[in-house]
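Colleague: To start, I am sharing the structure in question, which I have written as structure tokens.
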Amino acid sequence: MSFLTRIFGSGGQERDSYRPLYGAIVAAGRDPAWYVEGEVPDTVDGRFDMIAAILALTLLRLEADEPQTRTPSVLIAELFIEDMDGSVRQLGVGDLMVGKQVGKMMGALGGRLSAFRDEIAAGGGFTGPVARNIFHDRPPSEGALGFVSGRLRSFHGRLEAASVDDLLAGRLPRP
């Protein structure tokens with residue numbers, strides 16, 4: 001019995017129905033523009049940062065339609081955990097440390113959810129959360145910070161305009 005099966009049970013069929021959305025989130029986070037024009041480091045950590053940012057904004061959009069979207073949000077987070085578990089294992093992290101690494105990643109996702117939620121409530125331009133959570137307070141340039149912040153802010157606007165049905169079917173707007 002796998003670690004995830006013990007935690008989440010064997011009813012993965014419903015979770016699997018959200019793989020198209022999770023796949024679209026990952027694809028959006030891997031868009032080369034983030035790493036070229038946005039100067040996000042094209043590293044494992046940089047890619048995690050972008051996928052987590054896209055996922056956080058998507059989960060915040062789904063949060064706006066609770067309680068209808070509560071279960072899908074949880075199942076999408078489970079897909080993220082499953083993906084991160086597999087990724088750290090591929091990187092050679094031993095079984096005893098996988099849980100700790102995935103826990104740190106979930107904490108990082110939670111931090112992004114909070115930072116973006118606060119920034120949206122304040123009507124901000126995302127530069128603070130982007131500087132802290134993507135560039136770790138060291139943006140390579142003002143242009144890069146502006147590009148990533150502006151693009152994520154625009155993505156958030158397109159998410160708000162998207163229907164829940166489209167999102168849950170995996171039709172994510174372009175960042």
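Letters for chains follow the order of the structure tokens (A, B, ...), residue numbers begin at 1 for each chain, and ligand numbers begin at 1 in the order shown.
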Would you mind listing what lies within 8 Å of Gly38 in chain A as a list in words, with only C-alpha atoms counted and same-chain residues fewer than 4 positions away left out?
Modeller: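 Once the nearby chain positions are removed, what remains is Ala33, Trp34, Gly143, Ala144, Leu145, Phe147 and Val148 of chain A.
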Colleague: Let's have the selection written as a PDB file, in the first residue's frame, with N, CA and C atoms.
Modeller:
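Output below, filename out-v7.pdb:
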ATOM      1  N   ALA A  33       8.211  31.490 -21.244  1.00  0.00           N
ATOM      2  CA  ALA A  33       8.239  32.946 -21.047  1.00  0.00           C
ATOM      3  C   ALA A  33       8.612  33.319 -19.611  1.00  0.00           C
ATOM      4  N   TRP A  34       8.182  32.520 -18.637  1.00  0.00           N
ATOM      5  CA  TRP A  34       8.552  32.809 -17.245  1.00  0.00           C
ATOM      6  C   TRP A  34      10.069  32.830 -17.072  1.00  0.00           C
ATOM      7  N   GLY A 143      12.627  44.783 -14.479  1.00  0.00           N
ATOM      8  CA  GLY A 143      11.857  44.306 -15.623  1.00  0.00           C
ATOM      9  C   GLY A 143      11.335  42.898 -15.404  1.00  0.00           C
ATOM     10  N   ALA A 144      12.159  42.030 -14.847  1.00  0.00           N
ATOM     11  CA  ALA A 144      11.738  40.649 -14.579  1.00  0.00           C
ATOM     12  C   ALA A 144      10.628  40.625 -13.535  1.00  0.00           C
ATOM     13  N   LEU A 145      10.810  41.396 -12.475  1.00  0.00           N
ATOM     14  CA  LEU A 145       9.789  41.470 -11.430  1.00  0.00           C
ATOM     15  C   LEU A 145       8.472  41.991 -12.005  1.00  0.00           C
ATOM     16  N   PHE A 147       7.499  41.895 -15.172  1.00  0.00           N
ATOM     17  CA  PHE A 147       6.951  40.923 -16.126  1.00  0.00           C
ATOM     18  C   PHE A 147       6.180  39.825 -15.395  1.00  0.00           C
ATOM     19  N   VAL A 148       6.813  39.187 -14.408  1.00  0.00           N
ATOM     20  CA  VAL A 148       6.186  38.067 -13.714  1.00  0.00           C
ATOM     21  C   VAL A 148       4.974  38.550 -12.913  1.00  0.00           C
TER      22      VAL A 148
END
Colleague: Considering only C-alpha atoms, return as a list of chain:residue names whatever protein or nucleic-acid residues lie within 7 Å of range 19-27 of chain A, sequence-local ones (same chain, fewer than 5 positions apart) excluded.
Modeller: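 Result of the neighbour search: A:Ile51, A:Ile54, A:Leu55, A:Ile76, A:Leu167, A:Leu168, A:Ala169, A:Gly170, A:Arg171, A:Leu172.
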Colleague: Find the residues near range 58-68 of chain A: any atom within 12 Å, counting only C-alpha atoms, skip ones fewer than 2 places away on the same chain, and give them as a VMD selection string.
Modeller: chain A and resid 21 to 22 24 to 26 28 to 29 51 to 56 70 to 77 80 109 to 110 112 to 121 152 155 to 168 170 to 175
Colleague: Taking only C-alpha atoms into account, which of A:Gln13, A:Arg30, A:Gly86, A:Pro129 comes nearest Asp42 in chain A?
Modeller: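 Checking each candidate against Asp42 in chain A, we get A:Arg30 as the closest.
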Colleague: Tell me, as a VMD selection string, which residues lie within 8 Å of Ile134 in chain A, counting only C-alpha atoms; anything in the same chain fewer than 4 positions away does not count.
Modeller: chain A and resid 40 46 49 to 50 129 to 130
Colleague: Export C-alpha atoms of the chosen residues as an mmCIF file, in the first residue's frame?
Modeller:
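In the end it all went to result-v2.cif:
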data_model
loop_
_atom_site.group_PDB
_atom_site.id
_atom_site.type_symbol
_atom_site.label_atom_id
_atom_site.label_comp_id
_atom_site.auth_asym_id
_atom_site.auth_seq_id
_atom_site.Cartn_x
_atom_site.Cartn_y
_atom_site.Cartn_z
ATOM 1 C CA VAL A 40 12.784 33.086 -13.236
ATOM 2 C CA GLY A 46 12.283 27.968 -10.041
ATOM 3 C CA ASP A 49 7.900 28.326 -7.605
ATOM 4 C CA MET A 50 6.025 28.976 -10.851
ATOM 5 C CA PRO A 129 4.391 38.073 -3.281
ATOM 6 C CA VAL A 130 6.362 37.577 -6.494
#
Colleague: Report the distance between CA of Ala131 in chain A and CA of Ser149 in chain A in Å, rounded to one decimal place.
Modeller: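 CA of Ser149 in chain A lies 8.5 Å from CA of Ala131 in chain A.
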Colleague: Rounded to one decimal, what separation in Å do you get between CA of Gly124 in chain A and CA of Pro139 in chain A?
Modeller: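 Between CA of Gly124 in chain A and CA of Pro139 in chain A the gap works out to 18.0 Å.
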Colleague: Take CA of Gly12 in chain A and CA of Ser87 in chain A and report the distance between them in Å, one decimal.
Modeller: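 One can read the CA of Gly12 in chain A to CA of Ser87 in chain A distance as 19.1 Å.
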Colleague: If you run DSSP on this backbone, which residues of range 3-172 of chain A come out as alpha helix (DSSP H), and could you give them as number ranges by chain?
Modeller: A: 3-8, 12-16, 19-29, 32-35, 44-63, 70-90, 95-122, 127-133, 142-161, 164-168
Colleague: Rank nothing, just name the residue among A:Arg15, A:Lys104, A:Arg153, A:Arg89 nearest to Gly128 in chain A, using only C-alpha atoms.
Modeller: A:Arg153
